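S.K.: Can you read through this structure? Questions will come right after.
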Amino acid sequence: MKLQKISIMIFISLLALFLFFVSSFFSTIILSSYQNLEEKYLENQLEEVVNKINDDFFSLSCTVSDWGYWNDTVDFVKGNNPDYIFDNLEEDTFDNLYLNLMVFINKDGEIIYSGSYDLQKKMMTEVPSLFTKNFDLQNPLMNITESGKKVQGFVLLPESPLMVVSQPIMYSDLSGDVEGIVIFGKYLNQQEIARLGILTKSNLTFYKTEDISLPRDMISDIRKNSNKGRGFIKPVNQEIISAYYSFQDIFGEDALILQVTRTRDIFHQGIDTTIKVIGIILIGGLLLGLTFIFMLNQKILKRISSIAFQVHEIGRAGSSSDLVKISGDDELSSLASEINRMLKTINQTQTKLRESEQQFRDLVESIPDYIIVYDENDEILYINPAAANVIGHDAESIIGKPVYQLVGHEYHEIIKARLDARQRGDIVPPYEIEIVTGEGITRTVIIKGRNVTYNNNPAIFLLLIDITERKEYETEREHYAQELLRYSTSLKQANRQVNLLSSITRHDILNEVNIGLLYLDILEMNCQDPIFKEKLQEIDSVIKSIQKQIEFTRIYEGLGIHEPIWQSLEKVVSHLHPPETITIHADTDDFVIFADQMFEKVFFNLLDNSIRHGEHVSDIHIYAREENDLLFIYFEDNGTGVPSDEKELIFKRGFGKNTGFGMFLVREILSLTGISIRETGTHNIGARFEIVVPKGAYRKEEK
């Protein structure tokens, strides 16, 4: 595909992607703003209607206060003012006060007067049944015992909802007790709703809670918002949006739901604005894209096509010495310069490649190993001079002959089988055969081969490595190995003889030592001279020291004689049996150690050292940690530790208060397999022996 088409496709894709994001942005931001504006406008309308209703309640409350705190009203409900009705409760009173209902009740709940008036027909009407019966004193409208308190709200009547306010009846100076209740009411009928709609310029409707067909969760949201003093707004469809507000009756129950609706002119204006903006952006993007593609074609694509054409012509001509010509001083001219530099490099590389090919050909021609290349028909395509010389023919006379004819008849079948396997693509491991030189000398060679391409055709490359001298050396080495085995066997036999002689000699010496100690005991018992007795004790001490050292040689006479073996560190530590006053804590982490078979003696001696010299050892901690391809084994106790000037001396032979061989032999046993040990503890805090096992002398035990 050409760059021009690719550029157009990229531009269209980017424009579509840009429009998608712009549309999403405007749909989210602009439409959301218009929708918020729409909801805010509707919320203001709803608030205006609610405020108007509250104003009506306030006006009704003020009116009922004038009548409730009036001495004449008090006398009337007490039965002392029979002219009160004629003087004050005429039809003009209802009309002037804009009331539909007036009820006067004494403090016992008895209705003294109740009247109902139709403001539209200008005539008295039948009083609602709720206000014709005496009131229960628990009725919310009667539940007023203090001055200054009122009860107001809606009462749902069959005719229509009634806005009522109840007020205590008291003397105008608020003296005395509450003598009764006065209730004024005004119907919220269609005429009143229409009046509210005109005053607030709103399209509003009132529904009884049980009559409105709204989802329960929506009614719950309306109630929650109303309790917080705000409405609940929800679009009905694409054309209408509504705001809702819930009013409670005097019993505190949901009674009425106010719905204010309006057409979604603002929202549709937002949609129109968004479409116009996107259209302007689309037109601008198209114009910008066309301009960009035109400039791209003029300034870049044509020049790239020129460069591509010139490179194609140079490649077709096969001359890397020609150069690409392009005008200008920009990235494309720099590209042309780089192409020219590349062409020069290719030209130089080709020259070097030809020289390198000649060098490698000379190298192959001079290599002492034998090289043969043959084709799929098993015919020789190339043979280097070394191979031709050993066969006794010149290279030209061998080219084209079957490759298996270069070996003896006894190897023909083997060679044919291996040749067929290589041509099938099978992996053929190196193998040995014998070839006979032109002088009749047998040479042993190892044959290695692989599939190659020779002169653009598949072929097999064979490398024949002459191992005749190596085979002779291996034969000689085998002879020496047998001799070494014989000498080793003889040495082991001699060691056994020496150990036997050492054991017999040690046994005899110990017998003589025991006899000498017995005689010393007899002399000491019969000796009366203190000075002579002291000398006898010194001789006894020396002989017992000799006895211990001879016993020590018996224990360690096998040091280094046997082959090292892999030993579980966990099992070695488990064989330690400390006194009851000492507790051993081991964390060996399943490591096995390659060490002398006396490796177990290392930990026995370390435990003995803690017991003898630690003085108050109660805890020993043995653990292993792997770090930097080394295994560190730590033996720690909480005894007196080792003084700084003795940390290295304790490993010297003869140093110490006992035999002087214990720690010396610990280091000797470990060193047989390259393991080291040192003391790194703190004096008066505890001894700490650090055993370092090198890489290859440890591993994790598989369970």
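By order in the structure tokens, chains are A, B, ...; within a chain, residues start at 1; ligands start at 1, following the order shown.
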If you count only C-alpha atoms, which residues fall within 10 Å of Glu48 in chain A, apart from same-chain ones fewer than 2 positions away, as a list of chain:residue names?

M.R.: A:Leu42, A:Glu43, A:Asn44, A:Gln45, A:Leu46, A:Val50, A:Asn51, A:Lys52, A:Ile53, A:Asn54, A:Leu196, A:Leu199, A:Thr200, A:Lys201, A:Ser202

S.K.: Got a sec to tell me which of range 438-644 of chain A DSSP assigns to helix (DSSP H, G or I), as number ranges by chain?

M.R.: A: 468-526, 530-555, 569-574, 599-613, 644

S.K.: Need the shell around range 372-383 of chain A: protein/DNA/RNA residues with any atom at most 12 Å away, counting only C-alpha atoms. Skip same-chain ones fewer than 5 positions apart. Format as a ChimeraX atom specification?

M.R.: /A:361,364-367,388-391,393-406,415-425,447-465

S.K.: Could the residues in this selection be written to a file with C-alpha atoms, as a tab-separated table (two decimals), in the first residue's frame?

M.R.:
chain	number	residue	atom	x	y	z
A	361	ARG	CA	38.94	-20.16	1.31
A	364	VAL	CA	39.87	-23.92	4.60
A	365	GLU	CA	42.45	-24.92	2.05
A	366	SER	CA	45.18	-24.80	4.70
A	367	ILE	CA	43.26	-26.34	7.63
A	388	ALA	CA	42.84	-34.96	-0.90
A	389	ASN	CA	46.46	-35.46	0.23
A	390	VAL	CA	45.60	-38.11	2.83
A	391	ILE	CA	43.50	-40.01	0.28
A	393	HIS	CA	44.46	-38.10	-5.10
A	394	ASP	CA	44.22	-34.56	-6.32
A	395	ALA	CA	40.99	-32.68	-5.53
A	396	GLU	CA	39.82	-32.38	-9.14
A	397	SER	CA	39.86	-36.16	-9.67
A	398	ILE	CA	37.73	-36.75	-6.53
A	399	ILE	CA	34.97	-34.20	-7.34
A	400	GLY	CA	31.79	-35.99	-8.50
A	401	LYS	CA	32.62	-39.39	-6.98
A	402	PRO	CA	30.42	-41.05	-4.29
A	403	VAL	CA	31.53	-39.96	-0.86
A	404	TYR	CA	31.38	-43.45	0.68
A	405	GLN	CA	34.09	-44.70	-1.72
A	406	LEU	CA	36.65	-42.75	0.31
A	415	ILE	CA	28.42	-44.48	5.80
A	416	LYS	CA	25.37	-44.99	3.54
A	417	ALA	CA	23.04	-45.24	6.55
A	418	ARG	CA	24.48	-42.05	8.07
A	419	LEU	CA	24.31	-40.21	4.75
A	420	ASP	CA	20.64	-41.13	4.29
A	421	ALA	CA	19.85	-40.04	7.88
A	422	ARG	CA	21.43	-36.62	7.31
A	423	GLN	CA	19.50	-36.11	4.07
A	424	ARG	CA	16.26	-36.92	5.94
A	425	GLY	CA	17.15	-34.16	8.41
A	447	ILE	CA	33.09	-37.52	11.40
A	448	LYS	CA	30.86	-34.53	12.17
A	449	GLY	CA	28.34	-33.22	9.66
A	450	ARG	CA	25.55	-30.72	9.14
A	451	ASN	CA	23.22	-29.55	6.40
A	452	VAL	CA	24.45	-26.48	4.51
A	453	THR	CA	23.81	-24.57	1.31
A	454	TYR	CA	26.56	-24.85	-1.30
A	455	ASN	CA	26.29	-22.82	-4.51
A	456	ASN	CA	22.62	-22.14	-3.65
A	457	ASN	CA	21.83	-25.87	-3.43
A	458	PRO	CA	21.31	-28.07	-0.37
A	459	ALA	CA	24.40	-30.05	0.60
A	460	ILE	CA	26.06	-31.88	3.50
A	461	PHE	CA	29.22	-30.55	5.12
A	462	LEU	CA	31.52	-33.19	6.66
A	463	LEU	CA	34.40	-32.46	9.00
A	464	LEU	CA	36.80	-35.39	9.50
A	465	ILE	CA	39.05	-34.89	12.53

S.K.: Residues within 6 Å of range 98-109 of chain A, please, as a tab-separated table (two decimals) with C-alpha atoms, in the first residue's frame. Count only C-alpha atoms; anything in the same chain fewer than 3 positions from it doesn't count.

M.R.:
chain	number	residue	atom	x	y	z
A	77	VAL	CA	-66.35	28.51	73.38
A	94	PHE	CA	-65.33	33.27	54.88
A	95	ASP	CA	-65.11	35.24	51.68
A	112	ILE	CA	-69.10	24.58	69.35
A	113	TYR	CA	-69.28	25.73	65.75
A	114	SER	CA	-68.27	24.33	62.34
A	115	GLY	CA	-68.91	26.00	59.01
A	116	SER	CA	-67.97	25.26	55.41
A	117	TYR	CA	-68.01	27.73	52.54
A	134	ASN	CA	-66.57	15.83	68.68
A	135	PHE	CA	-62.77	15.57	68.64
A	179	GLU	CA	-59.99	27.07	76.56
A	180	GLY	CA	-60.28	25.32	73.22
A	181	ILE	CA	-59.06	25.03	69.65
A	182	VAL	CA	-59.92	27.04	66.56
A	183	ILE	CA	-59.31	25.37	63.15
A	184	PHE	CA	-59.25	27.24	59.82
A	185	GLY	CA	-58.95	25.45	56.53
A	186	LYS	CA	-58.69	26.03	52.80

S.K.: Could you give me, as number ranges by chain, the residues within 12 Å of Pro235 in chain A, counting only C-alpha atoms and dropping anything in the same chain fewer than 4 positions from it?

M.R.: A: 35-36, 38-39, 42, 239-244, 259-264, 267

S.K.: Write out as an mmCIF file with C-alpha atoms, in the first residue's frame the set of residues from range 225-299 of chain A that DSSP, computed on the backbone, places in strand (DSSP E or B).

M.R.:
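The result, stored in result-v6.cif:
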data_model
loop_
_atom_site.group_PDB
_atom_site.id
_atom_site.type_symbol
_atom_site.label_atom_id
_atom_site.label_comp_id
_atom_site.auth_asym_id
_atom_site.auth_seq_id
_atom_site.Cartn_x
_atom_site.Cartn_y
_atom_site.Cartn_z
ATOM 1 C CA PHE A 232 -36.599 15.071 43.268
ATOM 2 C CA ILE A 233 -36.070 15.647 39.545
ATOM 3 C CA LYS A 234 -36.323 12.968 36.871
ATOM 4 C CA PRO A 235 -36.823 13.130 33.097
ATOM 5 C CA ILE A 240 -40.771 16.208 29.353
ATOM 6 C CA ILE A 241 -38.985 16.478 32.684
ATOM 7 C CA SER A 242 -40.684 16.502 36.090
ATOM 8 C CA ALA A 243 -39.858 17.621 39.615
ATOM 9 C CA TYR A 244 -41.541 16.015 42.629
ATOM 10 C CA TYR A 245 -42.090 17.107 46.213
ATOM 11 C CA SER A 246 -43.815 15.222 49.033
ATOM 12 C CA PHE A 247 -46.152 16.831 51.626
ATOM 13 C CA GLN A 248 -47.186 15.147 54.873
ATOM 14 C CA ASP A 249 -50.584 15.284 56.557
ATOM 15 C CA ASP A 254 -47.090 11.030 53.241
ATOM 16 C CA ALA A 255 -50.253 12.617 51.869
ATOM 17 C CA LEU A 256 -49.619 14.537 48.673
ATOM 18 C CA ILE A 257 -46.979 14.516 45.949
ATOM 19 C CA LEU A 258 -46.538 17.691 43.974
ATOM 20 C CA GLN A 259 -45.436 17.230 40.343
ATOM 21 C CA VAL A 260 -44.121 20.180 38.347
ATOM 22 C CA THR A 261 -43.491 19.435 34.660
ATOM 23 C CA ARG A 262 -42.012 21.373 31.779
ATOM 24 C CA THR A 263 -40.900 20.662 28.250
#

S.K.: For the atom pair CA of Val74 in chain A and CA of Ile250 in chain A, what is the interatomic distance in Å to one decimal place?

M.R.: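 Rounded to one decimal, the two atoms are 24.6 Å apart.
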
S.K.: Report as a list in words all protein, DNA and RNA residues lying within 8 Å of range 305-308 of chain A, evaluated on only C-alpha atoms, omitting residues in the same chain fewer than 3 positions from it.

M.R.: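 My reading of the contact set: Leu301, Lys302, Val311, His312, Val324, Lys325, Ile326 and Ala336 of chain A.
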
S.K.: Could you save those same residues with N, CA and C atoms as a JSON list (two decimals), in the first residue's frame?

M.R.:
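Ended up saving to part05.json:
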[["chain", "number", "residue", "atom", "x", "y", "z"],
["A", 301, "LEU", "N", 5.81, 13.07, 0.04],
["A", 301, "LEU", "CA", 5.56, 11.81, -0.66],
["A", 301, "LEU", "C", 6.21, 11.79, -2.03],
["A", 302, "LYS", "N", 6.12, 12.91, -2.78],
["A", 302, "LYS", "CA", 6.75, 12.94, -4.10],
["A", 302, "LYS", "C", 8.25, 12.74, -4.01],
["A", 311, "VAL", "N", 16.69, 4.50, -5.87],
["A", 311, "VAL", "CA", 17.27, 3.32, -5.21],
["A", 311, "VAL", "C", 16.95, 2.06, -6.00],
["A", 312, "HIS", "N", 15.70, 1.99, -6.54],
["A", 312, "HIS", "CA", 15.31, 0.83, -7.35],
["A", 312, "HIS", "C", 16.19, 0.72, -8.60],
["A", 324, "VAL", "N", 22.21, 8.72, -4.92],
["A", 324, "VAL", "CA", 20.85, 9.23, -4.96],
["A", 324, "VAL", "C", 20.91, 10.75, -4.91],
["A", 325, "LYS", "N", 20.14, 11.40, -5.78],
["A", 325, "LYS", "CA", 20.14, 12.87, -5.84],
["A", 325, "LYS", "C", 18.76, 13.36, -5.43],
["A", 326, "ILE", "N", 18.72, 14.27, -4.46],
["A", 326, "ILE", "CA", 17.47, 14.86, -3.98],
["A", 326, "ILE", "C", 17.75, 16.28, -3.54],
["A", 336, "ALA", "N", 18.59, 10.88, 2.02],
["A", 336, "ALA", "CA", 19.33, 10.59, 0.78],
["A", 336, "ALA", "C", 20.82, 10.51, 1.05]]

S.K.: Between CA of Val22 in chain A and CA of Gly284 in chain A, what is the spacing in Å?

M.R.: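 Separating CA of Gly284 in chain A from CA of Val22 in chain A is a distance of 13.1 Å.
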
S.K.: Quick one: pull the distance between CA of Trp566 in chain A and CA of Phe594 in chain A, Å, one decimal.

M.R.: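 It comes out at 4.3 Å.
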